[in-house]
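*Asks:* Quick one: structure below, then a few questions.
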Amino acid sequence: MTVREIAELAGVSIGTVDRVLYKRGRVSADTKARIEAIIEQYQFTPNPMARQLKRGRAHHFCVFLPRRDQDAGYWSQVLQGIQRAADEISSLGVETEIVEFDRYSREEFETAAAAILSKKPDGLIVPPIMSERTGPFIEQIRQAGIPCIFFDANLPGIDPLSAIGQDPFRGGYLAGRLMHLFAGRLEKPVAVLDAHGEDFHITRRRDGFLKYAGEHGFPTIVQEYSGYKGLEVSVEEIGRFLRENPALTGVFITNCMAHRVAEAAKKCGGARDFLLIGYDLIPNNRLSLEEGGIDAIISQRPEYQGREALLNLYRRIVLDQQIPPRIEIPLDVYFKENIPV
């Protein structure tokens, strides 16, 4: 199906079809409805290269995310998926620019955010972490009319084009169930290490775990670590907590730092004597899981999230296709026995 064939079926000129496809110029309601019905019937998709020529320039997308080396390399996994998608659409009239920031530096975040706004991209993908900072930035993006897709997390009260990620409350609830299944009766407390308590989705993981614990009557201790102080939670901090709380059934850490809990436990006196559940199959967690230092990891498919975020932005902005407002990532659980090769 071509534009010429659509025009012939609708009994109109090619120019009229063009005005409907690219939403410019006036077309009567009846004619527009007739053309759109033909487009729907034949599942016609405009040629992205032709759209680029009509615009006179390539589409420019920005990706705004923490430095790839931060959070134990989690963002480098996201970036791998983004780069795969960028390679797929680079020949289709899309330029993708990666803008990284130090998530532990307010000044660097604000400088990078201002750079994004000055670029006025045709679309943006961003993880809405650190809601105190990203909330005002996303409001500026909205006011500037820049279409946006969220990944990794979501923020209540904001409606991006699409939000890609897990349900964090369900993830935390699942971690509670896993802890219960592993331990059986839970008489000694379970610690919840709430790393990055400034992130809305991280607190929802904590809340999900505490909901399960409350329903099943097992005691908990919550320890919060905030990234706003400028550092990732360290092995030393975790070790200090473990020494202060020697009688634990288990530890659930709400982000990707489970390997640091395993390392801290080893430094505290040899074999770990509590259950350990965390998030994300980053290299250090993978190694610790293989060696028995971690009991279970909930994975959220970071590469897939990055790729889908950019491809869905392309589908919506370049192809003018409808995309799902919410793409939920499954709650994958890995043990030593089922780590993917």
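Each chain in the structure tokens gets a letter, A, B and so on, in the order shown; residues start at 1 in every chain, and ligands are counted from 1 in the order they appear.
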Please identify all polymer residues within 7 Å of A:Val63, counting only C-alpha atoms, omitting same-chain residues fewer than 5 positions from it, and present them as a ChimeraX atom specification.

*Replies:* /A:97-99,124-126

*Asks:* Could you please take those selected residues and save C-alpha atoms as a tab-separated table (two decimals), in the first residue's frame?

*Replies:*
chain	number	residue	atom	x	y	z
A	97	GLU	CA	22.05	11.44	22.38
A	98	ILE	CA	23.00	10.06	25.79
A	99	VAL	CA	23.27	12.61	28.60
A	124	LEU	CA	13.15	12.13	25.95
A	125	ILE	CA	13.49	8.94	27.95
A	126	VAL	CA	14.33	9.24	31.64

*Asks:* Pick out the residues sitting within 8 Å of A:Asp332, and hand them over as a PyMOL selection string; count only C-alpha atoms, and ignore anything fewer than 3 positions along from it in its own chain.

*Replies:* chain A and resi 298-300

*Asks:* DSSP says helix (DSSP H, G or I) for which residues of stretch 144-282 of chain A? Put them as a ChimeraX atom specification?

*Replies:* /A:168-183,200-216,227-229,235-244,258-267

*Asks:* Which one is closest to A:Thr220: A:Ala195, A:Ile238, A:Val251, A:Leu310? Count only C-alpha atoms.

*Replies:* A:Val251

*Asks:* Just the strand (DSSP E or B) stuff from stretch 290-341 of chain A, please, per backbone DSSP, written as a PyMOL selection string.

*Replies:* chain A and resi 296-299+326-328+332-334

*Asks:* Deliver the residues from the most recent selection as a file, using N, CA and C atoms, as a short mmCIF file (atom, residue, chain, number, x, y, z; two decimals), in the first residue's frame.

*Replies:*
data_model
loop_
_atom_site.label_atom_id
_atom_site.label_comp_id
_atom_site.auth_asym_id
_atom_site.auth_seq_id
_atom_site.Cartn_x
_atom_site.Cartn_y
_atom_site.Cartn_z
N ALA A 296 18.72 -15.03 46.70
CA ALA A 296 17.81 -14.80 45.58
C ALA A 296 17.94 -13.35 45.10
N ILE A 297 17.75 -13.17 43.80
CA ILE A 297 17.78 -11.86 43.18
C ILE A 297 16.53 -11.68 42.34
N ILE A 298 15.86 -10.55 42.52
CA ILE A 298 14.73 -10.18 41.66
C ILE A 298 15.30 -9.29 40.55
N SER A 299 15.09 -9.70 39.32
CA SER A 299 15.65 -8.97 38.18
C SER A 299 14.55 -8.19 37.48
N ARG A 326 1.43 1.83 29.71
CA ARG A 326 2.17 1.14 30.77
C ARG A 326 2.68 -0.19 30.23
N ILE A 327 3.97 -0.43 30.34
CA ILE A 327 4.56 -1.72 29.98
C ILE A 327 5.17 -2.30 31.25
N GLU A 328 4.53 -3.32 31.79
CA GLU A 328 4.98 -3.87 33.07
C GLU A 328 6.00 -4.97 32.85
N ASP A 332 11.10 -11.35 37.56
CA ASP A 332 11.97 -12.52 37.40
C ASP A 332 12.74 -12.77 38.69
N VAL A 333 12.81 -14.01 39.11
CA VAL A 333 13.55 -14.37 40.31
C VAL A 333 14.65 -15.36 39.93
N TYR A 334 15.88 -15.04 40.35
CA TYR A 334 17.02 -15.92 40.06
C TYR A 334 17.60 -16.47 41.35
#

*Asks:* Calculated over only C-alpha atoms, which of the candidates A:Val341, A:Ala58, A:Ile282, A:Leu79 has the smallest distance to A:Asp122?

*Replies:* A:Ala58

*Asks:* Check the smallest atom-to-atom distance from each of A:Ala213, A:Ala309, A:Ala85, A:Asn255 to A:Phe64 using only C-alpha atoms, then report the winner.

*Replies:*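 Result for the nearest residue to A:Phe64: A:Ala309.
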
*Asks:* In Å to one decimal, how far is atom CA of A:Pro147 from atom CA of A:Lys120?

*Replies:*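 If I compute the distance from atom CA of A:Lys120 to atom CA of A:Pro147, I get 10.3 Å.
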
*Asks:* Compile the contact shell of stretch 155-158 of chain A as JSON, numbers by chain: residues with an atom at most 10 Å away, counting only C-alpha atoms, same-chain residues fewer than 2 positions apart removed.

*Replies:* {"A": [127, 128, 129, 131, 134, 135, 138, 139, 142, 150, 153, 160, 161, 163, 199, 200, 201]}

*Asks:* Please save C-alpha atoms of the selected residues as a PDB file, in the first residue's frame.

*Replies:*
ATOM      1  CA  PRO A 127      14.200   7.162  34.839  1.00  0.00           C
ATOM      2  CA  PRO A 128      12.237   9.331  37.324  1.00  0.00           C
ATOM      3  CA  ILE A 129      14.452   8.447  40.285  1.00  0.00           C
ATOM      4  CA  SER A 131      11.683  12.420  42.848  1.00  0.00           C
ATOM      5  CA  THR A 134      13.395  14.745  38.815  1.00  0.00           C
ATOM      6  CA  GLY A 135       9.866  15.912  39.662  1.00  0.00           C
ATOM      7  CA  ILE A 138       9.912  16.627  34.439  1.00  0.00           C
ATOM      8  CA  GLU A 139       7.456  19.462  35.047  1.00  0.00           C
ATOM      9  CA  ARG A 142       6.130  18.966  30.258  1.00  0.00           C
ATOM     10  CA  PHE A 150       9.717   6.803  31.806  1.00  0.00           C
ATOM     11  CA  ALA A 153      10.431   3.715  37.752  1.00  0.00           C
ATOM     12  CA  PRO A 160       4.271  10.276  30.361  1.00  0.00           C
ATOM     13  CA  LEU A 161       3.704   8.800  26.904  1.00  0.00           C
ATOM     14  CA  ALA A 163       6.000   4.085  31.696  1.00  0.00           C
ATOM     15  CA  ASP A 199      13.445   7.105  45.241  1.00  0.00           C
ATOM     16  CA  PHE A 200       9.672   6.607  45.166  1.00  0.00           C
ATOM     17  CA  HIS A 201       9.875   3.126  43.617  1.00  0.00           C
TER      18      HIS A 201
END

*Asks:* Given only C-alpha atoms as the basis, pick out the residue of A:Val94, A:Ala183, A:Met130, A:Val12 nearest to A:His196.

*Replies:* A:Met130

*Asks:* With only C-alpha atoms as the atoms that count, which of A:Leu186, A:Val318, A:Ile329, A:Leu313 lies nearest to A:Gly93?

*Replies:* A:Val318

*Asks:* What lies within 9 Å of A:Asn312 using only C-alpha atoms, ignoring chain neighbours under 3 positions off, as a list in words?

*Replies:*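 With the cut-off at 9 Å, the set is Ile149, Ser162, Arg307, Glu308, Ala309, Arg315, Arg316, Ile317, Gln321, Ile323 and Pro324 of chain A.
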
*Asks:* Please indicate the distance in Å from atom CA of A:Cys148 to atom CA of A:Pro325, rounded to one decimal place.

*Replies:* 11.4 Å

*Asks:* Would you please work out which residue, of A:Ala258, A:Leu287, A:Ile38, A:Ile294, is nearest to A:Arg272 when using only C-alpha atoms?

*Replies:* A:Ile294

*Asks:* Quick one: pull the distance between atom CA of A:Lys336 and atom CA of A:Asp295, Å, one decimal.

*Replies:*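 Going from atom CA of A:Lys336 over to atom CA of A:Asp295 covers 7.3 Å.
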